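Undergrad: One file: structure04.cif (mmCIF, C-alpha atoms and all ligand atoms).
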data_protein
loop_
_atom_site.label_atom_id
_atom_site.label_comp_id
_atom_site.auth_asym_id
_atom_site.auth_seq_id
_atom_site.Cartn_x
_atom_site.Cartn_y
_atom_site.Cartn_z
CA MET Z 1 37.05 8.29 11.50
CA ARG Z 2 34.10 10.57 11.11
CA PHE Z 3 30.89 9.18 9.71
CA SER Z 4 28.00 11.07 8.20
CA ARG Z 5 24.60 9.41 8.51
CA ARG Z 6 24.88 8.26 4.92
CA GLN Z 7 28.30 6.73 5.48
CA PHE Z 8 27.04 4.98 8.55
CA VAL Z 9 24.34 3.29 6.49
CA VAL Z 10 26.79 2.28 3.77
CA SER Z 11 29.32 0.85 6.19
CA ALA Z 12 26.60 -0.96 8.11
CA VAL Z 13 25.53 -2.51 4.82
CA ALA Z 14 29.09 -3.40 3.89
CA GLY Z 15 29.80 -4.97 7.25
CA LEU Z 16 26.73 -7.12 7.34
CA ALA Z 17 26.37 -8.14 3.71
CA ALA Z 18 28.90 -10.97 4.05
CA PRO Z 19 27.22 -14.36 4.58
CA VAL Z 20 26.20 -14.61 8.18
CA VAL Z 21 25.06 -17.90 9.66
CA LEU Z 22 22.68 -17.23 12.50
CA ALA Z 23 21.99 -20.19 14.77
CA GLY Z 24 18.28 -20.92 14.93
CA SER Z 25 17.45 -18.26 12.36
CA ALA Z 26 15.37 -18.65 9.25
CA GLN Z 27 18.59 -18.90 7.26
CA ALA Z 28 19.76 -21.84 9.33
CA ALA Z 29 16.37 -23.48 8.80
CA GLY Z 30 16.78 -23.07 5.06
CA LYS Z 31 14.11 -20.43 4.66
CA LEU Z 32 14.68 -17.27 2.68
CA SER Z 33 14.85 -14.32 5.01
CA VAL Z 34 12.73 -11.54 3.51
CA VAL Z 35 12.05 -7.98 4.60
CA ALA Z 36 9.12 -6.06 3.06
CA THR Z 37 8.16 -2.44 3.66
CA THR Z 38 4.35 -2.22 3.53
CA GLY Z 39 1.92 -4.75 4.93
CA MET Z 40 0.45 -5.28 1.47
CA ILE Z 41 3.83 -6.39 0.11
CA ALA Z 42 4.61 -8.53 3.19
CA ASP Z 43 1.27 -10.36 2.87
CA THR Z 44 1.85 -10.96 -0.84
CA VAL Z 45 5.34 -12.38 -0.22
CA ARG Z 46 3.94 -14.70 2.49
CA ARG Z 47 1.22 -15.94 0.16
CA ILE Z 48 3.62 -16.71 -2.68
CA GLY Z 49 6.65 -17.75 -0.66
CA GLY Z 50 4.72 -20.08 1.64
CA GLU Z 51 6.94 -22.33 3.72
CA ALA Z 52 10.09 -21.21 1.92
CA VAL Z 53 10.13 -17.69 3.33
CA ASP Z 54 10.35 -15.96 6.67
CA VAL Z 55 8.91 -12.46 6.16
CA ARG Z 56 9.38 -9.42 8.33
CA GLY Z 57 7.11 -6.45 7.51
CA LEU Z 58 8.44 -3.06 8.56
CA MET Z 59 5.24 -1.00 8.52
CA GLY Z 60 2.44 -2.26 10.73
CA PRO Z 61 -1.22 -1.20 11.03
CA GLY Z 62 -1.75 2.57 11.04
CA VAL Z 63 1.75 3.38 9.76
CA ASP Z 64 2.05 6.00 7.01
CA PRO Z 65 4.58 4.85 4.38
CA HIS Z 66 5.00 8.37 2.94
CA ALA Z 67 6.51 9.50 6.26
CA TYR Z 68 8.19 6.30 7.52
CA ARG Z 69 11.93 6.31 8.18
CA GLN Z 70 13.95 3.16 8.74
CA THR Z 71 14.97 2.47 12.34
CA ARG Z 72 18.31 0.99 13.35
CA THR Z 73 16.59 -2.36 13.88
CA ASP Z 74 15.16 -2.14 10.35
CA ILE Z 75 18.61 -1.42 8.93
CA VAL Z 76 20.07 -4.50 10.62
CA ALA Z 77 17.18 -6.68 9.38
CA MET Z 78 17.49 -5.36 5.83
CA THR Z 79 21.24 -5.82 5.63
CA ARG Z 80 20.92 -9.43 6.82
CA ALA Z 81 17.95 -10.36 4.59
CA ASP Z 82 18.23 -12.53 1.48
CA ILE Z 83 15.74 -10.24 -0.31
CA VAL Z 84 14.32 -6.83 0.54
CA PHE Z 85 11.07 -5.88 -1.18
CA TRP Z 86 9.96 -2.25 -1.26
CA HIS Z 87 7.17 -0.57 -3.16
CA GLY Z 88 8.92 2.14 -5.16
CA LEU Z 89 7.19 4.96 -7.13
CA TYR Z 90 8.32 7.31 -4.36
CA LEU Z 91 5.89 5.78 -1.83
CA GLU Z 92 8.66 5.33 0.76
CA ALA Z 93 9.92 8.85 0.11
CA GLN Z 94 12.05 8.99 3.26
CA MET Z 95 13.75 5.63 2.59
CA GLU Z 96 14.46 5.96 -1.13
CA GLU Z 97 18.10 6.94 -0.69
CA PHE Z 98 18.70 4.06 1.70
CA PHE Z 99 17.30 1.51 -0.78
CA HIS Z 100 19.51 2.82 -3.57
CA LYS Z 101 22.54 2.25 -1.34
CA LEU Z 102 21.33 -1.19 -0.37
CA GLU Z 103 20.92 -2.17 -4.04
CA ASP Z 104 24.68 -2.34 -4.43
CA ARG Z 105 24.96 -4.87 -1.61
CA GLY Z 106 22.22 -7.40 -2.05
CA THR Z 107 18.93 -8.32 -3.63
CA VAL Z 108 16.62 -5.34 -3.38
CA VAL Z 109 13.42 -5.35 -5.43
CA ALA Z 110 11.04 -2.45 -5.93
CA VAL Z 111 7.86 -4.40 -6.68
CA THR Z 112 6.57 -1.79 -9.13
CA ASP Z 113 9.81 -1.44 -11.12
CA GLN Z 114 8.59 -3.44 -14.12
CA MET Z 115 4.98 -2.24 -14.11
CA PRO Z 116 4.17 -0.75 -17.53
CA ARG Z 117 4.22 3.02 -17.08
CA ASP Z 118 1.16 3.49 -19.30
CA LEU Z 119 -0.91 1.74 -16.59
CA LEU Z 120 0.15 4.31 -13.98
CA ARG Z 121 -1.54 7.56 -13.01
CA GLY Z 122 0.37 10.82 -12.81
CA HIS Z 123 1.37 12.48 -9.54
CA ASP Z 124 -0.26 15.83 -8.70
CA ASP Z 125 2.82 17.23 -6.99
CA TYR Z 126 5.63 16.01 -9.27
CA ASP Z 127 5.67 15.97 -13.08
CA ASP Z 128 8.25 13.20 -13.16
CA LYS Z 129 6.58 10.84 -10.66
CA PHE Z 130 3.57 8.52 -10.63
CA ASP Z 131 0.78 7.88 -8.17
CA PRO Z 132 2.16 4.96 -6.09
CA HIS Z 133 -1.17 3.64 -4.70
CA VAL Z 134 -1.50 0.76 -7.18
CA TRP Z 135 -2.70 -1.73 -4.53
CA MET Z 136 -6.11 -0.03 -4.70
CA ASP Z 137 -6.81 -1.93 -7.94
CA PRO Z 138 -6.47 -5.74 -7.57
CA THR Z 139 -5.91 -6.10 -11.34
CA LEU Z 140 -2.73 -4.02 -10.94
CA TRP Z 141 -1.71 -5.88 -7.78
CA VAL Z 142 -1.59 -9.09 -9.85
CA LEU Z 143 1.41 -7.55 -11.61
CA VAL Z 144 3.09 -6.93 -8.26
CA ALA Z 145 2.43 -10.55 -7.25
CA ASP Z 146 4.05 -11.70 -10.52
CA ARG Z 147 7.10 -9.56 -9.75
CA VAL Z 148 7.39 -11.09 -6.27
CA ARG Z 149 7.03 -14.61 -7.70
CA ASP Z 150 9.79 -13.99 -10.27
CA ALA Z 151 12.16 -12.54 -7.67
CA LEU Z 152 11.63 -15.52 -5.35
CA ILE Z 153 12.21 -17.98 -8.21
CA GLU Z 154 15.42 -16.23 -9.16
CA LYS Z 155 16.66 -16.49 -5.58
CA ARG Z 156 15.40 -20.02 -4.91
CA PRO Z 157 14.98 -21.92 -8.24
CA GLN Z 158 14.42 -25.24 -6.49
CA ASP Z 159 11.07 -23.97 -5.18
CA GLN Z 160 9.88 -22.63 -8.54
CA ALA Z 161 6.90 -25.00 -8.80
CA MET Z 162 5.60 -24.03 -5.34
CA PHE Z 163 6.04 -20.30 -5.97
CA GLU Z 164 4.19 -20.62 -9.28
CA ALA Z 165 1.33 -22.62 -7.76
CA ASN Z 166 0.95 -20.16 -4.86
CA ALA Z 167 1.07 -17.17 -7.20
CA ALA Z 168 -1.57 -18.72 -9.44
CA ALA Z 169 -3.87 -19.37 -6.46
CA PHE Z 170 -3.35 -15.80 -5.22
CA ALA Z 171 -4.04 -14.38 -8.69
CA THR Z 172 -7.32 -16.31 -8.80
CA GLU Z 173 -8.32 -14.67 -5.52
CA LEU Z 174 -7.34 -11.24 -6.78
CA GLU Z 175 -9.50 -11.77 -9.85
CA ALA Z 176 -12.45 -12.76 -7.63
CA LEU Z 177 -11.80 -9.67 -5.52
CA ALA Z 178 -11.83 -7.44 -8.61
CA VAL Z 179 -15.12 -8.98 -9.76
CA TYR Z 180 -16.62 -8.51 -6.28
CA GLY Z 181 -15.47 -4.87 -6.23
CA ALA Z 182 -16.93 -4.10 -9.64
CA SER Z 183 -20.29 -5.80 -9.01
CA THR Z 184 -20.71 -4.40 -5.47
CA LEU Z 185 -19.73 -0.83 -6.30
CA ALA Z 186 -21.99 -0.88 -9.37
CA THR Z 187 -24.91 -0.93 -6.89
CA VAL Z 188 -24.06 2.66 -5.84
CA ASN Z 189 -26.02 5.26 -7.84
CA PRO Z 190 -23.76 7.05 -10.34
CA GLU Z 191 -24.50 10.47 -8.78
CA SER Z 192 -23.43 9.16 -5.36
CA ARG Z 193 -20.08 7.84 -6.54
CA VAL Z 194 -17.98 10.47 -4.82
CA LEU Z 195 -15.30 9.35 -2.42
CA LEU Z 196 -13.89 12.04 -0.12
CA THR Z 197 -10.98 10.75 1.96
CA ALA Z 198 -8.08 12.16 4.00
CA HIS Z 199 -5.50 11.96 1.21
CA ASP Z 200 -5.44 11.05 -2.47
CA ALA Z 201 -4.86 7.30 -2.06
CA PHE Z 202 -7.88 6.17 -4.07
CA GLY Z 203 -7.07 7.34 -7.61
CA TYR Z 204 -6.69 3.80 -8.97
CA PHE Z 205 -9.79 2.72 -7.07
CA GLY Z 206 -11.76 5.53 -8.71
CA GLN Z 207 -10.41 4.63 -12.12
CA ALA Z 208 -11.25 0.93 -11.70
CA TYR Z 209 -14.75 1.41 -10.30
CA ASP Z 210 -15.86 4.68 -11.87
CA PHE Z 211 -15.83 6.85 -8.74
CA GLU Z 212 -14.88 10.48 -8.46
CA VAL Z 213 -12.14 10.63 -5.85
CA LEU Z 214 -11.19 13.63 -3.73
CA GLY Z 215 -8.55 13.83 -1.02
CA ILE Z 216 -8.15 16.61 1.53
CA GLN Z 217 -4.40 16.14 1.24
CA GLY Z 218 -2.65 15.27 -2.00
CA ILE Z 219 -1.09 11.99 -3.15
CA SER Z 220 1.55 12.24 -0.46
CA THR Z 221 0.68 13.07 3.15
CA GLU Z 222 3.67 15.36 3.58
CA SER Z 223 1.85 18.71 3.40
CA GLU Z 224 -1.11 19.82 5.54
CA ALA Z 225 -4.30 20.85 3.78
CA GLY Z 226 -4.89 24.61 3.79
CA LEU Z 227 -8.07 26.37 4.84
CA ASN Z 228 -8.88 27.17 1.20
CA ARG Z 229 -8.85 23.49 0.34
CA ILE Z 230 -11.10 22.63 3.28
CA SER Z 231 -13.57 25.40 2.47
CA ALA Z 232 -13.73 24.35 -1.21
CA LEU Z 233 -14.51 20.77 -0.16
CA VAL Z 234 -17.21 21.97 2.26
CA ASP Z 235 -18.89 23.91 -0.57
CA MET Z 236 -18.70 20.87 -2.84
CA LEU Z 237 -20.31 18.59 -0.22
CA VAL Z 238 -23.16 21.06 0.31
CA GLU Z 239 -23.72 21.75 -3.39
CA ARG Z 240 -23.74 18.11 -4.40
CA ASP Z 241 -25.61 16.93 -1.30
CA ILE Z 242 -22.98 14.34 -0.37
CA GLY Z 243 -23.78 12.74 2.98
CA ALA Z 244 -20.77 10.55 3.79
CA VAL Z 245 -17.00 10.96 3.86
CA PHE Z 246 -14.29 8.52 4.94
CA VAL Z 247 -11.39 8.53 7.39
CA GLU Z 248 -8.21 6.51 6.89
CA SER Z 249 -6.48 4.25 9.39
CA SER Z 250 -3.00 5.66 8.64
CA VAL Z 251 -3.82 9.39 8.43
CA SER Z 252 -5.04 11.79 11.12
CA ASP Z 253 -8.77 12.61 10.91
CA ARG Z 254 -8.29 16.22 12.07
CA SER Z 255 -8.80 17.81 8.62
CA MET Z 256 -11.79 15.57 7.95
CA ARG Z 257 -13.42 16.76 11.17
CA ALA Z 258 -12.88 20.35 10.01
CA VAL Z 259 -14.70 19.53 6.76
CA ILE Z 260 -17.61 17.90 8.60
CA GLU Z 261 -17.89 20.86 11.01
CA GLY Z 262 -17.73 23.29 8.10
CA ALA Z 263 -20.60 21.52 6.37
CA ALA Z 264 -22.61 21.44 9.63
CA ALA Z 265 -22.16 25.21 9.97
CA LYS Z 266 -23.89 25.51 6.59
CA GLY Z 267 -26.72 23.24 7.72
CA HIS Z 268 -25.54 20.16 5.81
CA VAL Z 269 -25.12 16.96 7.79
CA VAL Z 270 -22.21 14.77 6.74
CA SER Z 271 -21.41 11.54 8.49
CA ILE Z 272 -18.27 9.45 8.56
CA GLY Z 273 -19.05 6.55 6.26
CA GLY Z 274 -16.38 4.43 7.90
CA GLU Z 275 -12.67 3.95 8.30
CA LEU Z 276 -10.83 2.83 5.18
CA PHE Z 277 -7.47 1.11 4.92
CA SER Z 278 -5.59 3.34 2.51
CA ASP Z 279 -1.83 2.90 2.95
CA ALA Z 280 -1.74 0.32 5.75
CA MET Z 281 -3.72 -2.85 6.43
CA GLY Z 282 -5.75 -3.84 9.50
CA GLU Z 283 -4.45 -5.56 12.62
CA ASP Z 284 -2.18 -8.58 12.23
CA GLY Z 285 -4.05 -11.86 12.47
CA THR Z 286 -7.37 -10.40 11.27
CA TYR Z 287 -9.00 -10.69 7.84
CA GLU Z 288 -8.48 -6.93 7.32
CA GLY Z 289 -4.82 -7.52 8.10
CA THR Z 290 -4.49 -9.27 4.72
CA TYR Z 291 -4.38 -7.65 1.29
CA VAL Z 292 -7.62 -9.30 0.15
CA GLY Z 293 -9.38 -8.45 3.43
CA MET Z 294 -8.23 -4.83 3.30
CA ILE Z 295 -9.62 -4.23 -0.19
CA ASP Z 296 -12.79 -6.21 0.56
CA HIS Z 297 -13.32 -4.03 3.66
CA ASN Z 298 -12.92 -0.82 1.65
CA VAL Z 299 -15.29 -1.95 -1.11
CA THR Z 300 -17.91 -3.15 1.36
CA VAL Z 301 -17.77 -0.05 3.61
CA ILE Z 302 -17.86 2.38 0.68
CA ALA Z 303 -20.77 0.63 -1.03
CA ASN Z 304 -22.84 0.47 2.16
CA ALA Z 305 -22.13 4.08 3.17
CA LEU Z 306 -23.03 5.53 -0.23
CA GLY Z 307 -26.36 3.74 -0.60
CA GLY Z 308 -25.24 0.65 -2.47
CA GLU Z 309 -25.81 -2.95 -1.48
CA ALA Z 310 -22.95 -5.01 -0.18
CA PRO Z 311 -23.26 -8.22 1.82
CA ALA Z 312 -22.73 -7.43 5.52
CA ASP Z 313 -19.62 -9.60 5.69
CA GLY Z 314 -18.34 -8.60 2.24
CA LEU Z 315 -16.45 -11.24 0.36
CA ASN Z 316 -15.17 -12.75 3.61
CA GLY Z 317 -15.46 -16.51 3.76
CA ARG Z 318 -16.55 -16.85 0.17
CA LEU Z 319 -13.04 -17.20 -1.19
CA SER Z 320 -11.14 -20.42 -0.88
CA VAL Z 321 -8.21 -18.88 0.93
CA GLY Z 322 -5.21 -21.07 0.32
CA SER Z 323 -2.85 -19.89 3.03
ZN ZN V 1 -0.80 7.40 0.39
#
Would you mind writing the file's structure down as structure tokens?
TA:
Amino acid sequence: MRFSRRQFVVSAVAGLAAPVVLAGSAQAAGKLSVVATTGMIADTVRRIGGEAVDVRGLMGPGVDPHAYRQTRTDIVAMTRADIVFWHGLYLEAQMEEFFHKLEDRGTVVAVTDQMPRDLLRGHDDYDDKFDPHVWMDPTLWVLVADRVRDALIEKRPQDQAMFEANAAAFATELEALAVYGASTLATVNPESRVLLTAHDAFGYFGQAYDFEVLGIQGISTESEAGLNRISALVDMLVERDIGAVFVESSVSDRSMRAVIEGAAAKGHVVSIGGELFSDAMGEDGTYEGTYVGMIDHNVTVIANALGGEAPADGLNGRLSVGS
């Protein structure tokens, strides 16, 4: 029998979707085995699922979800999982086809699938798609947390009360994070509220906190920025006397260095205001390796670099973290 790559995936799914009892696994211990694509989703599932879930995140620190392709190990994990959570909105562009196949075989949830479309921003490159970077606004991420809670309850009704309590505690933190973001970023002068980053991940951030947002690359990272784009951004930095730009942990800083050098050649000094977590979180086991810590980091770094006033340690330690 000859198999195309697509057929391989389908048959792997078919072969492994039957109930499998794995000695010593999470399933044997009675936990729900969950796979999540981005770190932001994995963290959210851990917060809400608590003791009832065993979560495997596919994309670690520094990984670009626009470009990520599932590995063979990922495929095995996803076909064995009780639930697979992915982001949707064409974020995982290279995995979309795989998830649609997997949908026929098990519980696969795109966490943005029920988000009201009138809350979403358009996509620069595709008329029929939306900007996927909704995690940049904690008030939108609450809706994702609700979706995760509902999916876990559907799969494990006996733990409904725990999932609801955990989701409520997480939502309270997200509200505090949104308030911190708004009050901290309001300390930046309106004329300094320009955020130049490696790619257009901060559209929802700009909308929530009244910042003008510019990316060297577009909403996806799939195409390289051209020289025209870089030279237009250099002119803009010089004209508007913008002194700080930002690099991203999951995108190369090569184009940003070209912008900084271009500005220097015109006698305008631009510094790197800091590294932001755009599409991936910080290192596992650190505060920035959580959803709340990632957004807090971004808010705090941006406010400090653009002349605002943020506490040195951000919101860290001032939330009653329940996990
Ligand atoms: Zn992105």
Undergrad: Using only C-alpha atoms, which residue out of Z:Val148, Z:Met59, Z:Leu102, Z:Leu233 lies closest to Z:Ile75?
TA: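 Once distances to Z:Ile75 are computed over only C-alpha atoms, the minimum belongs to Z:Leu102.
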Undergrad: Neighbours of Z:Gly181 within 7 Å (all atoms listed in the file; same-chain residues fewer than 4 positions away dropped), as a ChimeraX atom specification?
TA: /Z:177,185,299
Undergrad: Pick out the residues sitting within 10 Å of Z:Glu164, and hand them over as a PyMOL selection string; count all atoms listed in the file, and ignore anything fewer than 5 positions along from it in its own chain.
TA: chain Z and resi 48-49+146+149-150+152-153+159+169-170
Undergrad: Determine the nearest neighbour of ligand ZN 1 (chain V) from the options Z:Asp200, Z:Asp296, Z:Asp241, Z:Asp125, counting all atoms listed in the file.
TA: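 So, comparing all the options, the nearest one is Z:Asp200.
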Undergrad: Smallest atom-to-atom distance to ligand ZN 1 (chain V): which of Z:Thr79, Z:Thr221, Z:Ser183, Z:Asn189, using all atoms listed in the file?
TA: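 Distance minimum relative to ligand ZN 1 (chain V) lands on Z:Thr221.
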Undergrad: Find the residues near ligand ZN 1 (chain V). Use a cut-off of 9 Å, count all atoms listed in the file, and write them as a VMD selection string.
TA: chain Z and resid 64 to 66 91 131 to 133 199 to 202 218 to 221 250 to 251 278 to 280
Undergrad: With 6 Å as the cut-off and all atoms listed in the file counted, what is the closest atom pair between each nearby residue of stretch 167-283 of chain Z and stretch 302-311 of chain Z? Distances in Å to one decimal, ordered by chain and number, as a tab-separated table.
TA:
residue	atom	partner	partner_atom	distance
Z:Thr184	CA	Z:Ala310	CA	5.8
Z:Leu185	CA	Z:Ala303	CA	5.6
Z:Thr187	CA	Z:Gly308	CA	4.7
Z:Val188	CA	Z:Gly308	CA	4.1
Z:Gly273	CA	Z:Ala305	CA	5.0
Undergrad: At a cut-off of 10 Å, using all atoms listed in the file, what residues contact Z:Gly293? Leave out same-chain residues fewer than 2 positions from it and give the result as a list in words.
TA: Leu177, Phe277, Met281, Gly282, Thr286, Tyr287, Glu288, Gly289, Thr290, Tyr291, Ile295, Asp296, His297, Asn298, Val299, Gly314, Leu315 and Asn316 of chain Z
